[in-house]
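Visitor: Shown below is the structure under consideration.
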Amino acid sequence: MAGQASPLFSIVTPVYQPPVDVLADTIASVRSQEHTDWEWVLVDDASPDPEVRRVIADASADDPRIRLVARDTNGHIVAASNDAVAEASGEFLVFLDHDDLLTPDALAEMARAISGEPEADYLYSDEDKVGEDGELFGRFPKPDWSPERLRGQMYTSHLSVMRTALVREVGGFRQGYDGSQDHDLALRVSERARRVVHVPRVLYHWRAVAGSAAADIGAKPYADDAGRRAVQDQLDRLGIAGTVESGREPGRYVIQRRLDPSLRVSLVIPTIGQSATVFGERRVMVVDTVRSALARTEHEDVEVVVVHDTPTPPEVLDQLREIAGDRLVLVEYTLPFNFSQKVNLGCLHATGDRLVFLNDDVEVISPRWLENLVGPLDEPDVGLTGAKLYFSDGSIQHAGHGYWNKHYHHPFRYWTRDEAGPFGELVVNREMTGVTAACSAMRRDAFLEIGGFPEALPSNFNDVDLCYKVAHLGYRTVWVANCELYHFESQTRDGAVLPWERHFVVRRWGIPDVDRFTPAAVATPMMDPHRLLDARLAEPRATTRRTGSR
């Protein structure tokens, strides 16, 4: 490369014993790139078959942009990848496995994105898979940059492009993280990146062959342990109090958050003290809400602020006093029903630094729900968190809001509790455009900064407006998969939304078009026919009528 300008891209590929015909296809995919300003460093990690090096050497002889680095001993993927990074001269590194394929426009699209975002230090694209028969399947339409989701899974993986200087600054790939070395690097690079950019196009075909992670997520069990340690390392580096556990699927991770014992958390619950039959038994809804909320947290400094309408039966208030003791704050509400106003009033009476908005018709079912819901708010750029809610039959009522195609949606409504969802969507924490106010949390300062709930919306869409305000001020909204509750609103209820309510939100925020975090292609086509029909009947509302607060 002496005397030549450095290329924009250095493609780096560790190579170890791929089928030579597969390697030849990978080489052909690179040589067919529309964008020509690249070099390619392939490091053969002492493959036993000499044909592997011969195929690379022949390609290098035909194209001087292709370079072979031959290792004398097998050092495994981390060592071979670092050798490739050390040899690269391009401004950006493009990571390509030895058996996968780039689309012809892959580098051109990345170059275009870099031109539009000069401060981009990390870029990633959508991906799909290619079978042994050459057929494409499994398209993964990814969300925009979602740092919480990256802790839950290596979702950015293919195609990843990183600024070379930054990769070297963080020390490249780390020994001891084989199998999840790319996840570990992505976590460390993203911590220092000025901009992380999602290119919403499929630019990478991940080859699904027997024994590969593309074909079987559990094919490399050692990778799960390495990924868990990589995520824990990030929490420790950033001072985030939590412990990382392996999730329900390999390559998925769950964070158990910890709260500072001195932190006061205020639960704000509007109610009129009504009763209902749940699981065949009559119960006072708000009483069981408070009982389950306090029973399933280890955090002790919890204040319970109940905003009750004047008709609330006195015996209900007595039961609340018995359960919550001196942690209970009762606030009488004498005006006509206005959910937003009731919650705002409760927050004004609350003394906690963290505010949890809770409907009175819920039951907490996951341990340490409060720690996991409130914990992400310790990160200053997280403004709002929300929970995973189920109907009484165990089907999903809420897994975050999605705003697209002119409507406000509940993605994955009616999926079951046992389903991980496409690409792990339902079992990993992740950024969302919005969450429901039936169970959500904010820092007090952020709540006051955005002006609380909109009292002009007394019943519907007040949580949608709240979420828009959170995003408008640059905060992240995080949906927490391991904070689980039943929400006993009726699945067959008349959830009538008045036209003026939706128009209020549209006038303020515009017509929803494309959701940054939940592409419609992920949330709907994979549903079975009866579930899709139910979802169509349920749309287009993303909010719920607060019957428990009337």
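In the structure tokens, the first chain shown is A, the next is B, and so on; residue numbers restart at 1 for each chain, and ligands run from 1 in the order shown.
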So which residues touch Lys142 (chain A) within 12 Å, counting only C-alpha atoms, skipping near sequence neighbours fewer than 5 positions away, as a VMD selection string?
Guide: chain A and resid 124 to 128 149 to 150 154 to 159 197 to 202 422 to 425 430 to 431 515 to 523
Visitor: Can you tell me, as a list in words, what residues are no more than 9 Å from Leu166 (chain A) when counting only C-alpha atoms, ignoring any on the same chain fewer than 5 positions away?
Guide: Asp121, Gly171, Gly172, Val189, Arg192 and Ala193 of chain A
Visitor: By how many Å are CA of Ser340 (chain A) and CA of Asn462 (chain A) apart?
Guide: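 CA of Asn462 (chain A) lies at a distance of 6.7 Å from CA of Ser340 (chain A).
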Visitor: Extract, using only C-alpha atoms, all DNA, RNA and protein residues at most 10 Å from Gly451 (chain A), discarding same-chain residues fewer than 3 positions from it, and format them as a ChimeraX atom specification.
Guide: /A:344,445-448,454,466,469
Visitor: Of the candidates A:Thr271, A:Thr436, A:Gln232, A:Asn74, which shows the shortest atom-to-atom distance to Pro411 (chain A), using only C-alpha atoms?
Guide: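 The closest residue to Pro411 (chain A) is A:Thr436.
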Visitor: Which one of A:Asp465, A:Asp236, A:Glu132, A:Asp393 sits closest to Asp21 (chain A) if you count only C-alpha atoms?
Guide: A:Glu132
Visitor: When DSSP works through the backbone of this structure, what residues of region 171-416 of chain A end up as alpha helix (DSSP H), shown as a PyMOL selection string?
Guide: chain A and resi 181-192+221-238+285-295+314-324+339-349+369-374
Visitor: Go through A:His487, A:Arg248, A:Arg327, A:Arg283 one by one, measure the shortest atom-to-atom distance of each to Leu389 (chain A) using only C-alpha atoms, and give the residue with the smallest value.
Guide: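 When distances to Leu389 (chain A) are compared using only C-alpha atoms, the smallest one comes from A:His487.
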Visitor: For Ser366 (chain A), which of A:Val287, A:Val480, A:Leu485, A:Leu317 is the closest residue, counting only C-alpha atoms?
Guide: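 Going through A:Val287, A:Val480, A:Leu485, A:Leu317 one by one, the smallest distance to Ser366 (chain A) is for A:Leu485.
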Visitor: Compile the contact shell of Asp83 (chain A) as a PyMOL selection string: residues with an atom at most 9 Å away, counting only C-alpha atoms, same-chain residues fewer than 2 positions apart removed.
Guide: chain A and resi 14+43+69+71+78-81+85-88
